[in-house]
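Undergrad: Sending over work-v9.txt (compact mmCIF, C-alpha atoms and all ligand atoms).
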```txt
# COMPACT_ATOMS: atom_id res chain seq x y z
CA MET A 1 5.27 -5.94 25.20
CA GLN A 2 8.70 -4.66 24.23
CA ALA A 3 10.92 -2.55 26.47
CA ASP A 4 10.74 1.22 26.29
CA PRO A 5 12.97 2.70 23.63
CA VAL A 6 16.21 4.03 25.03
CA GLN A 7 17.51 7.53 24.43
CA SER A 8 20.10 7.68 21.73
CA PRO A 9 23.51 8.70 23.08
CA ALA A 10 24.38 9.96 19.60
CA ILE A 11 22.12 13.01 19.94
CA PRO A 12 23.35 15.76 22.30
CA MET A 13 20.77 16.94 24.88
CA SER A 14 21.16 20.55 23.75
CA ALA A 15 19.87 19.58 20.33
CA ARG A 16 17.08 17.31 21.50
CA CYS A 17 14.30 19.82 20.84
CA ASP A 18 15.60 20.53 17.34
CA LEU A 19 13.82 17.74 15.55
CA PRO A 20 14.64 16.97 11.94
CA VAL A 21 11.94 18.32 9.66
CA LEU A 22 11.07 15.72 7.07
CA THR A 23 9.80 16.69 3.65
CA GLU A 24 7.35 15.11 1.24
CA GLU A 25 10.28 14.29 -1.09
CA GLN A 26 11.98 12.21 1.58
CA PHE A 27 8.97 9.91 1.65
CA ALA A 28 8.33 9.77 -2.09
CA GLU A 29 10.70 6.97 -3.01
CA ASP A 30 10.60 4.57 -0.06
CA PRO A 31 8.73 5.70 3.06
CA HIS A 32 9.83 2.60 4.98
CA ALA A 33 13.49 3.51 4.44
CA THR A 34 12.89 7.06 5.66
CA PHE A 35 11.10 5.85 8.79
CA ARG A 36 13.86 3.31 9.43
CA ARG A 37 16.60 5.92 9.10
CA TYR A 38 15.04 8.31 11.64
CA ARG A 39 13.44 5.74 13.97
CA ALA A 40 16.90 4.59 15.02
CA ASP A 41 17.82 7.95 16.58
CA TYR A 42 14.55 9.81 17.10
CA PRO A 43 11.31 8.70 18.77
CA VAL A 44 9.63 11.67 17.08
CA VAL A 45 10.34 13.82 14.01
CA ALA A 46 8.70 16.92 12.56
CA HIS A 47 7.01 17.06 9.15
CA GLN A 48 7.08 20.06 6.85
CA ALA A 49 3.26 20.24 6.92
CA GLY A 50 3.43 21.04 10.64
CA SER A 51 2.69 17.78 12.46
CA ARG A 52 5.02 15.57 14.53
CA PHE A 53 5.47 11.90 13.63
CA VAL A 54 5.85 9.41 16.50
CA LEU A 55 7.82 6.46 15.16
CA ARG A 56 8.18 3.64 17.70
CA GLN A 57 5.70 0.96 18.70
CA ALA A 58 5.95 1.25 22.52
CA ASP A 59 5.47 5.04 22.38
CA ILE A 60 2.48 4.78 20.05
CA GLU A 61 0.91 2.08 22.19
CA ARG A 62 1.27 4.31 25.26
CA LEU A 63 0.32 7.62 23.61
CA SER A 64 -2.81 6.23 21.95
CA ARG A 65 -4.18 5.69 25.50
CA ASP A 66 -2.71 8.84 27.05
CA PRO A 67 -5.43 11.33 28.08
CA ARG A 68 -3.09 14.20 27.13
CA LEU A 69 -3.62 13.31 23.48
CA LEU A 70 -7.04 13.71 21.93
CA ALA A 71 -8.62 12.90 18.59
CA GLY A 72 -7.93 15.88 16.39
CA GLY A 73 -11.36 17.44 15.85
CA THR A 74 -10.90 19.89 12.98
CA ALA A 75 -7.15 20.39 13.48
CA PHE A 76 -6.24 18.38 10.37
CA PRO A 77 -8.41 20.26 7.83
CA LYS A 78 -7.33 23.54 9.43
CA MET A 79 -3.66 22.57 9.00
CA LEU A 80 -4.42 22.18 5.28
CA GLY A 81 -6.25 25.51 5.17
CA VAL A 82 -9.76 24.01 4.98
CA THR A 83 -11.97 25.87 7.46
CA ASP A 84 -15.50 25.17 6.21
CA GLY A 85 -17.48 22.98 3.78
CA SER A 86 -18.48 19.32 3.79
CA LEU A 87 -14.97 17.94 4.30
CA PHE A 88 -14.54 20.20 7.31
CA ASP A 89 -17.94 19.08 8.63
CA ALA A 90 -16.90 15.41 8.45
CA PHE A 91 -14.18 16.23 10.98
CA GLU A 92 -16.56 18.39 13.02
CA TYR A 93 -19.41 15.86 13.24
CA GLY A 94 -17.82 12.41 12.77
CA MET A 95 -16.92 9.87 15.46
CA LEU A 96 -13.31 9.48 14.28
CA THR A 97 -12.32 12.99 15.32
CA ALA A 98 -14.56 13.34 18.41
CA ASN A 99 -13.66 12.89 22.06
CA GLY A 100 -15.19 11.81 25.37
CA ASP A 101 -18.97 11.66 25.61
CA VAL A 102 -19.49 13.06 22.13
CA HIS A 103 -17.38 10.22 20.70
CA ARG A 104 -19.21 7.59 22.78
CA ARG A 105 -22.60 8.97 21.69
CA ARG A 106 -21.62 8.86 18.02
CA ARG A 107 -19.99 5.38 18.13
CA ALA A 108 -22.44 3.57 20.43
CA PRO A 109 -25.25 3.00 17.86
CA PHE A 110 -22.85 0.88 15.75
CA SER A 111 -20.94 -1.10 18.37
CA ARG A 112 -23.31 -4.05 18.54
CA THR A 113 -23.76 -4.38 14.77
CA PHE A 114 -20.00 -4.50 14.18
CA ALA A 115 -19.08 -6.66 17.19
CA ALA A 116 -16.94 -9.70 16.38
CA ARG A 117 -19.68 -12.20 17.22
CA ALA A 118 -22.26 -10.49 15.00
CA MET A 119 -19.73 -10.26 12.19
CA ALA A 120 -18.82 -13.96 12.48
CA GLU A 121 -22.36 -14.80 11.39
CA LEU A 122 -21.71 -12.94 8.15
CA ARG A 123 -18.65 -15.05 7.26
CA PRO A 124 -20.50 -17.55 5.02
CA VAL A 125 -22.35 -14.73 3.25
CA ILE A 126 -19.09 -12.88 2.66
CA ARG A 127 -17.46 -16.09 1.36
CA ARG A 128 -20.29 -16.46 -1.18
CA THR A 129 -19.86 -12.84 -2.26
CA VAL A 130 -16.12 -13.43 -2.74
CA GLU A 131 -16.76 -16.59 -4.75
CA ARG A 132 -19.35 -14.84 -6.91
CA LEU A 133 -16.90 -12.07 -7.75
CA ILE A 134 -14.18 -14.59 -8.65
CA GLU A 135 -16.60 -16.58 -10.84
CA GLU A 136 -17.24 -13.45 -12.94
CA TRP A 137 -13.68 -13.44 -14.34
CA HIS A 138 -12.31 -16.90 -13.56
CA ALA A 139 -12.82 -18.27 -17.07
CA ALA A 140 -10.87 -15.38 -18.64
CA GLY A 141 -7.50 -16.47 -17.22
CA HIS A 142 -6.54 -12.92 -16.26
CA VAL A 143 -7.89 -10.02 -14.20
CA GLU A 144 -7.12 -6.46 -13.16
CA PHE A 145 -7.60 -7.32 -9.52
CA VAL A 146 -8.02 -3.84 -8.00
CA GLU A 147 -11.12 -2.86 -9.97
CA GLN A 148 -12.58 -6.31 -10.59
CA PHE A 149 -12.26 -7.63 -7.08
CA ALA A 150 -10.70 -5.53 -4.33
CA ALA A 151 -12.76 -2.39 -4.92
CA ARG A 152 -15.98 -4.34 -5.31
CA LEU A 153 -15.87 -6.70 -2.32
CA PRO A 154 -15.89 -4.15 0.54
CA ALA A 155 -18.40 -1.96 -1.28
CA VAL A 156 -20.81 -4.87 -1.78
CA VAL A 157 -20.36 -6.01 1.82
CA ILE A 158 -20.93 -2.60 3.42
CA SER A 159 -23.90 -1.94 1.10
CA ASP A 160 -25.46 -5.27 2.07
CA LEU A 161 -24.84 -4.54 5.73
CA LEU A 162 -26.32 -1.05 5.67
CA GLY A 163 -29.03 -1.92 3.15
CA LEU A 164 -27.84 0.34 0.32
CA PRO A 165 -28.96 -0.57 -3.22
CA GLN A 166 -26.29 -2.50 -5.17
CA GLY A 167 -26.89 -0.25 -8.17
CA ASP A 168 -25.57 2.74 -6.19
CA ILE A 169 -22.16 1.12 -5.55
CA PRO A 170 -20.17 2.44 -8.55
CA ALA A 171 -21.18 6.04 -7.87
CA PHE A 172 -20.61 6.08 -4.14
CA THR A 173 -17.30 4.19 -4.28
CA ARG A 174 -15.98 6.75 -6.80
CA HIS A 175 -16.85 9.52 -4.36
CA VAL A 176 -15.31 7.61 -1.45
CA TYR A 177 -11.99 7.25 -3.28
CA ASP A 178 -11.94 10.97 -4.08
CA VAL A 179 -12.71 11.84 -0.45
CA THR A 180 -10.01 9.58 0.99
CA ARG A 181 -7.34 11.51 -0.91
CA PHE A 182 -7.98 14.25 1.61
CA ILE A 183 -7.38 12.03 4.64
CA ASN A 184 -3.69 12.13 3.90
CA ILE A 185 -0.93 14.62 4.61
CA SER A 186 0.29 14.29 1.02
CA VAL A 187 -2.95 15.64 -0.47
CA ARG A 188 -2.16 18.05 -3.32
CA PRO A 189 -3.89 21.46 -3.29
CA GLU A 190 -5.71 20.69 -6.56
CA GLU A 191 -7.16 17.50 -5.03
CA ILE A 192 -8.93 19.36 -2.22
CA PRO A 193 -11.79 20.79 -4.35
CA VAL A 194 -12.27 17.35 -5.94
CA ALA A 195 -12.51 15.78 -2.47
CA GLU A 196 -14.90 18.52 -1.32
CA ASP A 197 -17.14 17.96 -4.33
CA ALA A 198 -17.12 14.20 -3.72
CA MET A 199 -17.99 14.68 -0.04
CA ARG A 200 -20.92 16.91 -1.05
CA HIS A 201 -22.17 14.18 -3.38
CA LEU A 202 -21.80 11.54 -0.66
CA LEU A 203 -23.66 13.76 1.76
CA GLY A 204 -26.49 14.27 -0.72
CA TYR A 205 -26.61 10.55 -1.44
CA VAL A 206 -26.76 9.45 2.21
CA GLU A 207 -29.30 12.18 2.99
CA THR A 208 -31.60 10.87 0.24
CA VAL A 209 -31.26 7.27 1.44
CA LEU A 210 -31.96 8.23 5.07
CA ASP A 211 -35.01 10.30 4.03
CA GLU A 212 -36.35 7.30 2.11
CA ARG A 213 -35.85 5.00 5.11
CA ARG A 214 -37.61 7.48 7.37
CA ARG A 215 -40.59 7.61 5.03
CA GLN A 216 -40.58 3.86 4.32
CA PRO A 217 -38.71 1.80 6.94
CA ARG A 218 -37.55 -1.59 5.57
CA GLY A 219 -36.26 -3.39 8.63
CA ASP A 220 -32.68 -3.04 7.34
CA PHE A 221 -29.77 -1.62 9.33
CA LEU A 222 -30.38 1.99 8.33
CA SER A 223 -34.12 1.88 9.16
CA VAL A 224 -33.43 0.33 12.56
CA PHE A 225 -30.58 2.78 13.23
CA LEU A 226 -32.76 5.78 12.33
CA ALA A 227 -35.69 4.66 14.46
CA ALA A 228 -33.42 4.02 17.46
CA ALA A 229 -31.46 7.24 16.96
CA ASP A 230 -34.61 9.33 16.52
CA GLN A 231 -36.10 7.80 19.66
CA ALA A 232 -32.96 8.26 21.75
CA GLY A 233 -32.63 11.83 20.47
CA GLU A 234 -28.87 11.72 21.07
CA LEU A 235 -27.66 12.41 17.54
CA SER A 236 -28.48 15.51 15.54
CA PRO A 237 -29.51 14.96 11.89
CA ILE A 238 -26.09 16.06 10.64
CA GLU A 239 -24.35 13.70 13.08
CA MET A 240 -26.48 10.80 11.80
CA LEU A 241 -25.42 11.60 8.24
CA PHE A 242 -21.74 11.81 8.99
CA GLN A 243 -21.57 8.60 11.05
CA ILE A 244 -23.00 6.68 8.08
CA ILE A 245 -20.58 8.41 5.73
CA ILE A 246 -17.64 7.55 7.98
CA LEU A 247 -18.74 3.91 8.07
CA ILE A 248 -18.91 3.84 4.27
CA ILE A 249 -15.51 5.51 3.93
CA GLY A 250 -13.91 3.41 6.68
CA GLY A 251 -15.40 0.24 5.26
CA THR A 252 -14.27 0.50 1.64
CA ASP A 253 -10.90 1.99 0.71
CA THR A 254 -9.04 0.53 3.71
CA THR A 255 -10.05 -3.02 2.90
CA ARG A 256 -9.60 -2.54 -0.87
CA VAL A 257 -5.93 -1.66 -0.45
CA ALA A 258 -5.37 -4.47 2.08
CA ALA A 259 -7.03 -7.08 -0.16
CA VAL A 260 -4.66 -6.17 -3.00
CA MET A 261 -1.49 -6.02 -0.94
CA GLN A 262 -1.96 -9.39 0.74
CA VAL A 263 -2.27 -11.18 -2.60
CA CYS A 264 0.62 -9.20 -4.06
CA LEU A 265 2.95 -9.90 -1.12
CA LEU A 266 2.15 -13.60 -1.01
CA LEU A 267 2.69 -13.97 -4.76
CA GLN A 268 5.97 -12.06 -4.50
CA HIS A 269 6.98 -14.63 -1.86
CA ARG A 270 5.75 -17.60 -3.84
CA GLU A 271 6.76 -20.25 -1.33
CA GLN A 272 4.50 -18.56 1.27
CA TRP A 273 1.60 -18.41 -1.19
CA ASP A 274 2.06 -22.14 -1.84
CA GLU A 275 2.12 -22.85 1.89
CA VAL A 276 -1.19 -21.00 2.35
CA CYS A 277 -2.69 -22.96 -0.55
CA LEU A 278 -1.72 -26.20 1.17
CA ASP A 279 -2.68 -25.12 4.69
CA PRO A 280 -5.64 -22.69 5.03
CA ALA A 281 -4.99 -22.53 8.80
CA LEU A 282 -2.15 -20.11 7.88
CA ILE A 283 -4.60 -17.57 6.44
CA PRO A 284 -5.15 -15.38 9.56
CA ALA A 285 -1.37 -15.10 10.08
CA ALA A 286 -0.86 -14.27 6.39
CA VAL A 287 -3.50 -11.52 6.59
CA ALA A 288 -1.90 -10.10 9.75
CA GLU A 289 1.61 -10.14 8.28
CA ALA A 290 0.49 -8.40 5.07
CA LEU A 291 -1.23 -5.71 7.17
CA ARG A 292 1.99 -5.26 9.15
CA TYR A 293 4.37 -5.27 6.23
CA GLU A 294 2.48 -2.98 3.85
CA PRO A 295 -0.46 -1.49 5.78
CA SER A 296 -3.47 0.06 4.07
CA VAL A 297 -3.80 2.60 6.89
CA ALA A 298 -0.50 4.21 7.87
CA SER A 299 -1.24 6.33 10.91
CA ILE A 300 -3.54 7.67 13.59
CA GLY A 301 -4.01 11.41 14.09
CA ARG A 302 -4.09 13.03 17.54
CA VAL A 303 -3.58 16.49 19.11
CA THR A 304 -1.59 17.14 22.30
CA THR A 305 -3.35 19.08 25.07
CA GLU A 306 -0.15 19.51 27.12
CA ASP A 307 3.58 19.45 26.42
CA ILE A 308 4.60 15.80 26.11
CA ASP A 309 8.13 14.71 26.90
CA LEU A 310 9.06 11.75 24.74
CA HIS A 311 12.46 10.48 25.87
CA GLY A 312 13.75 14.04 26.15
CA PHE A 313 12.07 15.38 23.02
CA VAL A 314 9.24 17.76 23.77
CA ILE A 315 6.07 17.76 21.69
CA PRO A 316 4.43 21.10 22.54
CA ALA A 317 0.78 21.41 23.58
CA GLY A 318 -1.59 21.93 20.66
CA THR A 319 0.55 19.96 18.17
CA LEU A 320 -1.01 17.66 15.59
CA CYS A 321 0.61 14.25 16.11
CA THR A 322 0.79 11.51 13.53
CA LEU A 323 1.19 8.24 15.40
CA SER A 324 2.91 6.34 12.61
CA THR A 325 1.70 2.77 12.93
CA MET A 326 3.38 2.17 9.56
CA SER A 327 6.75 2.94 11.13
CA ALA A 328 5.91 1.14 14.38
CA MET A 329 5.02 -2.10 12.61
CA ARG A 330 8.61 -2.27 11.34
CA ASP A 331 10.12 -1.25 14.66
CA GLU A 332 13.31 -3.26 15.22
CA ARG A 333 12.59 -3.16 18.96
CA VAL A 334 9.54 -5.37 18.38
CA HIS A 335 10.26 -7.45 15.29
CA ALA A 336 13.41 -9.30 14.27
CA ASN A 337 14.18 -8.57 10.61
CA PRO A 338 11.18 -6.24 10.30
CA ASP A 339 11.77 -5.70 6.57
CA VAL A 340 11.29 -9.38 5.82
CA PHE A 341 7.80 -10.59 4.89
CA ASP A 342 7.21 -13.71 6.97
CA ILE A 343 3.81 -15.22 7.70
CA HIS A 344 5.39 -17.39 10.42
CA ARG A 345 6.30 -14.45 12.67
CA THR A 346 5.71 -15.10 16.33
CA THR A 347 6.02 -11.48 17.48
CA ALA A 348 2.47 -10.51 16.52
CA THR A 349 0.77 -8.58 19.33
CA ARG A 350 -2.73 -9.59 20.45
CA LEU A 351 -4.14 -6.34 19.10
CA HIS A 352 -2.87 -5.60 15.59
CA PRO A 353 -1.54 -2.00 15.53
CA VAL A 354 -2.93 -1.38 12.04
CA PHE A 355 -6.42 -1.06 13.55
CA GLY A 356 -5.34 1.63 16.03
CA ALA A 357 -5.71 1.60 19.80
CA GLY A 358 -7.76 3.12 22.57
CA ALA A 359 -11.29 4.49 22.25
CA HIS A 360 -11.09 4.88 18.48
CA ARG A 361 -9.80 1.42 17.68
CA CYS A 362 -11.35 0.39 14.37
CA ILE A 363 -14.99 -0.54 14.74
CA GLY A 364 -14.80 -2.54 11.49
CA GLU A 365 -11.82 -4.71 12.44
CA ALA A 366 -13.76 -7.98 12.68
CA LEU A 367 -15.50 -7.29 9.39
CA ALA A 368 -12.26 -6.34 7.63
CA ARG A 369 -10.48 -9.46 8.87
CA ILE A 370 -13.31 -11.69 7.63
CA GLU A 371 -13.32 -10.04 4.21
CA LEU A 372 -9.55 -10.39 3.93
CA GLU A 373 -9.45 -13.98 5.21
CA GLU A 374 -12.31 -15.14 3.00
CA SER A 375 -10.70 -13.45 -0.01
CA LEU A 376 -7.48 -15.38 0.52
CA GLY A 377 -9.36 -18.57 1.32
CA ALA A 378 -11.41 -18.46 -1.87
CA LEU A 379 -8.51 -17.37 -4.11
CA THR A 380 -6.06 -19.99 -2.85
CA THR A 381 -8.75 -22.65 -3.27
CA ALA A 382 -10.02 -21.59 -6.71
CA ILE A 383 -6.76 -20.43 -8.33
CA PRO A 384 -3.70 -21.81 -6.50
CA HIS A 385 -1.65 -21.38 -9.70
CA LEU A 386 -2.27 -17.60 -9.73
CA ARG A 387 0.56 -15.53 -11.27
CA LEU A 388 1.48 -11.91 -10.55
CA GLU A 389 1.85 -10.11 -13.89
CA THR A 390 2.05 -6.49 -12.69
CA ALA A 391 2.50 -5.53 -9.06
CA PRO A 392 0.72 -2.39 -7.85
CA THR A 393 2.55 0.70 -6.69
CA ILE A 394 1.56 1.57 -3.15
CA ARG A 395 2.08 5.17 -2.06
CA GLY A 396 1.55 7.24 1.02
CA TYR A 397 2.73 7.23 4.60
CA THR A 398 -0.23 8.71 6.50
CA GLY A 399 -3.97 7.96 6.58
CA ILE A 400 -5.30 5.60 3.93
CA ARG A 401 -2.60 4.67 1.41
CA ARG A 402 -3.05 4.58 -2.36
CA ILE A 403 -2.55 1.85 -4.91
CA ASP A 404 -2.89 1.74 -8.67
CA HIS A 405 -3.31 -1.53 -10.60
CA MET A 406 -2.49 -5.19 -10.20
CA HIS A 407 -2.71 -7.66 -13.07
CA LEU A 408 -2.97 -11.37 -12.36
CA SER A 409 -3.14 -14.34 -14.70
CA TRP A 410 -3.56 -18.11 -14.53
CA THR A 411 -3.99 -21.04 -16.88
CA VAL A 412 -7.60 -22.07 -17.47
C1 LIG B 501 -7.97 -3.34 6.70
C2 LIG B 501 -9.00 -2.60 6.94
C3 LIG B 501 -9.05 -1.49 7.96
C4 LIG B 501 -8.04 -0.82 8.59
C5 LIG B 501 -6.53 -1.02 8.43
C6 LIG B 501 -8.66 0.15 9.46
C7 LIG B 501 -7.95 0.99 10.31
C8 LIG B 501 -8.54 1.85 11.22
C9 LIG B 501 -7.84 2.63 12.20
C10 LIG B 501 -6.32 2.69 12.36
C11 LIG B 501 -8.75 3.31 12.93
C12 LIG B 501 -8.49 4.19 14.14
C13 LIG B 501 -8.22 5.60 13.77
C14 LIG B 501 -7.88 6.42 14.99
O1 LIG B 501 -7.65 5.91 16.08
O2 LIG B 501 -7.82 7.64 14.82
C15 LIG B 501 -10.04 3.00 12.39
C16 LIG B 501 -11.23 3.54 12.83
C17 LIG B 501 -12.45 3.31 12.24
N1 LIG B 501 -12.73 2.36 11.27
FE1 LIG B 501 -11.38 1.13 10.39
N2 LIG B 501 -10.01 0.05 9.33
C18 LIG B 501 -10.30 -0.95 8.45
C19 LIG B 501 -11.55 -1.39 8.06
C20 LIG B 501 -12.74 -0.82 8.47
C21 LIG B 501 -14.05 -1.29 8.10
C22 LIG B 501 -14.34 -2.51 7.24
C23 LIG B 501 -14.95 -0.41 8.64
C24 LIG B 501 -16.44 -0.36 8.54
C25 LIG B 501 -17.25 -1.19 8.78
C26 LIG B 501 -14.21 0.58 9.38
C27 LIG B 501 -14.76 1.63 10.08
C28 LIG B 501 -14.06 2.43 10.96
C29 LIG B 501 -14.69 3.47 11.76
C30 LIG B 501 -16.14 3.89 11.72
C31 LIG B 501 -13.68 4.01 12.57
C32 LIG B 501 -13.81 5.13 13.60
C33 LIG B 501 -13.93 4.53 14.98
C34 LIG B 501 -13.98 5.58 16.08
O3 LIG B 501 -13.56 6.71 15.85
O4 LIG B 501 -14.44 5.25 17.17
N3 LIG B 501 -12.87 0.29 9.27
N4 LIG B 501 -9.90 2.09 11.36
```
Please express what this file holds, its structure, as structure tokens.
TA:
Amino acid sequence: MQADPVQSPAIPMSARCDLPVLTEEQFAEDPHATFRRYRADYPVVAHQAGSRFVLRQADIERLSRDPRLLAGGTAFPKMLGVTDGSLFDAFEYGMLTANGDVHRRRRAPFSRTFAARAMAELRPVIRRTVERLIEEWHAAGHVEFVEQFAARLPAVVISDLLGLPQGDIPAFTRHVYDVTRFINISVRPEEIPVAEDAMRHLLGYVETVLDERRRQPRGDFLSVFLAAADQAGELSPIEMLFQIIILIIGGTDTTRVAAVMQVCLLLQHREQWDEVCLDPALIPAAVAEALRYEPSVASIGRVTTEDIDLHGFVIPAGTLCTLSTMSAMRDERVHANPDVFDIHRTTATRLHPVFGAGAHRCIGEALARIELEESLGALTTAIPHLRLETAPTIRGYTGIRRIDHMHLSWTV
């Protein structure tokens, strides 16, 4: 672990509580550059929307385990002026925003299913799914990779895992992508009703599926989960609904963006793509480096319960904190040349910061890693001569980030 960041002598003590307030515009062009500029002098900055951004790896590591910071409950929707409705309820009843015993109660029914050992058994099945998707467009010699691969893989995998019908995938993934726009400080006011509508549809969809499983159990994950949850009596009906919704949301968009960016980054650094083609043992490191360099999830949200002194800068009690893992993963205190994409880095920490830390650390990490590794494995085997025609634009600096399109081609 790196040393604690030192206080910057350049900033006078009298001014240390006057944090710079960063605006949306400052992040629009190049969020990494903005983080880099401020990270040098400030461990924390303010954002115009009202939250504080913590920028350095050691501080985030420590604060994500500090009992004075809690998962945000409904603080985030309230900051955006959303005080009721289905989006609000997702924050009220989901595991991601809950604390203490409530969080444990909501997360526990899924821990065993998503444990690394259980997920490892799925690796061959996931590899076959990846290969099937590639076979669908391989003969064409070109593909729009986001829609034809990256969006489909995590949706198929999570549907298989939960036992959702494959035919439902296009509808529920559309709703998921509309909902995830909300889990982002940059959400535009006009996007909020769209996200609310999508969340209502998702809620209706999951409610119908759970009702069916209650009436006719099938021995799949959802039937087993419902029977166990009903028997234990620890989750209310609305909590059951929202945990499934959070799994679906957590399991799709995050991995979609990561699956695109890892291929894009490797192809933009062709010699590293070629190395992975020649030596599949490099795949886990390539996946980890892509997640560090251009993460699909940029931050973790918390709320302070007391004033927190961060190297002389005070974050007042009751403040919404954005622990910026995106900034931390390019922290010069941890990584030499952090703005260089290098799959041979030796500074990787045992726990990858992109999956968070503490009680809320991503429950789907093992699954996500397998999906990403098998994607690279199958692509580098089937199409080593892949070419990047159009790189995607990746936007956003909090929550789940957004991408548009990526066109690839190859000679058949
Ligand atoms: C590259 C892919 C992924 C990334 C980068 C990612 C990132 C994260 C992060 C940073 C958190 C912690 C948030 C916090 O502490 O507030 C989290 C939580 C969570 N993730 Fe993931 N995730 C990924 C894939 C998945 C997958 C595949 C699933 C589903 C199977 C999933 C389900 C969840 C759930 C349910 C939580 C909430 C855990 C809790 O609150 O206890 N994620 N994820």
Undergrad: For Leu282 of chain A, which of A:Gly318, A:Pro193, A:Gly377, A:Gly251 is the closest residue, counting all atoms listed in the file?
TA: A:Gly377
Undergrad: Calculate how many Å separate atom CA of Ala71 of chain A from atom CA of Leu96 of chain A, rounding to one decimal.
TA: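 A separation of 7.2 Å between them.
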Undergrad: Ranking A:Thr390, A:Gln272, A:Ser86, A:Gln148 by minimum distance to Ile192 of chain A and counting all atoms listed in the file, which one comes first?
TA: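 That would be A:Ser86, the residue with the smallest distance to Ile192 of chain A.
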Undergrad: Using only C-alpha atoms and all ligand atoms, find the one residue out of A:Leu372, A:Ala90, A:Val412, A:Ile343 that sits nearest to ligand LIG 501 (chain B).
TA: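 Smallest separation from ligand LIG 501 (chain B) among the options: A:Leu372.
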Undergrad: Write out as a PyMOL selection string each polymer residue (protein, DNA or RNA) that has an atom no more than 7 Å from ligand LIG 501 (chain B), with all atoms listed in the file counted.
TA: chain A and resi 71+95-97+103+107+114+158+246-248+250-252+254-255+258+295-297+299-301+354-357+359-365+367-369
Undergrad: Which distance in Å separates atom CA of Val102 of chain A and atom CA of Ala120 of chain A, to one decimal?
TA: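 One can read the atom CA of Val102 of chain A to atom CA of Ala120 of chain A distance as 28.7 Å.
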Undergrad: Just give me the gap between atom CA of Ala232 of chain A and atom CA of Thr74 of chain A in Å, one decimal is fine.
TA: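 The value is 26.4 Å.
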Undergrad: Which residue gives the smallest distance to Glu196 of chain A among A:Ile400, A:Val44, A:Ala116, A:Val82, with all atoms listed in the file counted?
TA: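 Smallest distance to Glu196 of chain A is found for A:Val82.
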Undergrad: At a cut-off of 10 Å, using all atoms listed in the file, what residues contact segment 50-58 of chain A? Leave out same-chain residues fewer than 2 positions from it and give the result as a PyMOL selection string.
TA: chain A and resi 1-5+19+21-22+35-36+38-40+42-48+60-63+76+79-80+185+299-303+310+315-316+319-334+353+398
Undergrad: With a distance cut-off of 12 Å and all atoms listed in the file, select the neighbouring residues of His385 of chain A, excluding the residue or stretch itself and same-chain residues fewer than 5 positions from it, and output the selection as a PDB file with C-alpha atoms, keeping the file's coordinate frame.
TA:
```pdb
ATOM      1  CA  GLY A 141      -7.500 -16.470 -17.220  1.00  0.00           C
ATOM      2  CA  HIS A 142      -6.540 -12.920 -16.260  1.00  0.00           C
ATOM      3  CA  LEU A 267       2.690 -13.970  -4.760  1.00  0.00           C
ATOM      4  CA  ARG A 270       5.750 -17.600  -3.840  1.00  0.00           C
ATOM      5  CA  GLU A 271       6.760 -20.250  -1.330  1.00  0.00           C
ATOM      6  CA  TRP A 273       1.600 -18.410  -1.190  1.00  0.00           C
ATOM      7  CA  ASP A 274       2.060 -22.140  -1.840  1.00  0.00           C
ATOM      8  CA  CYS A 277      -2.690 -22.960  -0.550  1.00  0.00           C
ATOM      9  CA  LEU A 278      -1.720 -26.200   1.170  1.00  0.00           C
ATOM     10  CA  LEU A 379      -8.510 -17.370  -4.110  1.00  0.00           C
ATOM     11  CA  THR A 380      -6.060 -19.990  -2.850  1.00  0.00           C
ATOM     12  CA  LEU A 408      -2.970 -11.370 -12.360  1.00  0.00           C
ATOM     13  CA  SER A 409      -3.140 -14.340 -14.700  1.00  0.00           C
ATOM     14  CA  TRP A 410      -3.560 -18.110 -14.530  1.00  0.00           C
ATOM     15  CA  THR A 411      -3.990 -21.040 -16.880  1.00  0.00           C
ATOM     16  CA  VAL A 412      -7.600 -22.070 -17.470  1.00  0.00           C
TER      17      VAL A 412
END
```
Undergrad: Skip segment 161-177 of chain A itself and residues of its chain fewer than 5 positions away, then list as an mmCIF file with C-alpha atoms, keeping the file's coordinate frame all residues within 6 Å of it, counting all atoms listed in the file.
TA:
```cif
data_model
loop_
_atom_site.group_PDB
_atom_site.id
_atom_site.type_symbol
_atom_site.label_atom_id
_atom_site.label_comp_id
_atom_site.auth_asym_id
_atom_site.auth_seq_id
_atom_site.Cartn_x
_atom_site.Cartn_y
_atom_site.Cartn_z
ATOM 1 C CA ALA A 198 -17.120 14.200 -3.720
ATOM 2 C CA ASP A 220 -32.680 -3.040 7.340
ATOM 3 C CA PHE A 221 -29.770 -1.620 9.330
ATOM 4 C CA LEU A 222 -30.380 1.990 8.330
ATOM 5 C CA ILE A 249 -15.510 5.510 3.930
#
```
Undergrad: Using only C-alpha atoms, which protein or nucleic acid residues come within 8 Å of Leu87 of chain A? Drop anything in the same chain fewer than 5 positions from it, and give the result as JSON, numbers by chain.
TA: {"A": [77, 195, 196, 199]}
Undergrad: Under the rule that only C-alpha atoms are counted, which of A:Val194, A:Ile134, A:Ala108, A:Ala155 is the nearest residue to Met240 of chain A?
TA: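 Smallest distance to Met240 of chain A is found for A:Ala108.
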Undergrad: Can you pull out the residues contacting Glu24 of chain A? Cut-off 8 Å, using all atoms listed in the file, and skip same-chain residues under 3 positions away; I want them as a PyMOL selection string.
TA: chain A and resi 27-28+48+186
Undergrad: Go through A:His335, A:His32, A:Arg218, A:Arg105 and flag the residue nearest Ala298 of chain A, using all atoms listed in the file for the distances.
TA: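 Ranking A:His335, A:His32, A:Arg218, A:Arg105 by distance to Ala298 of chain A, first place goes to A:His32.
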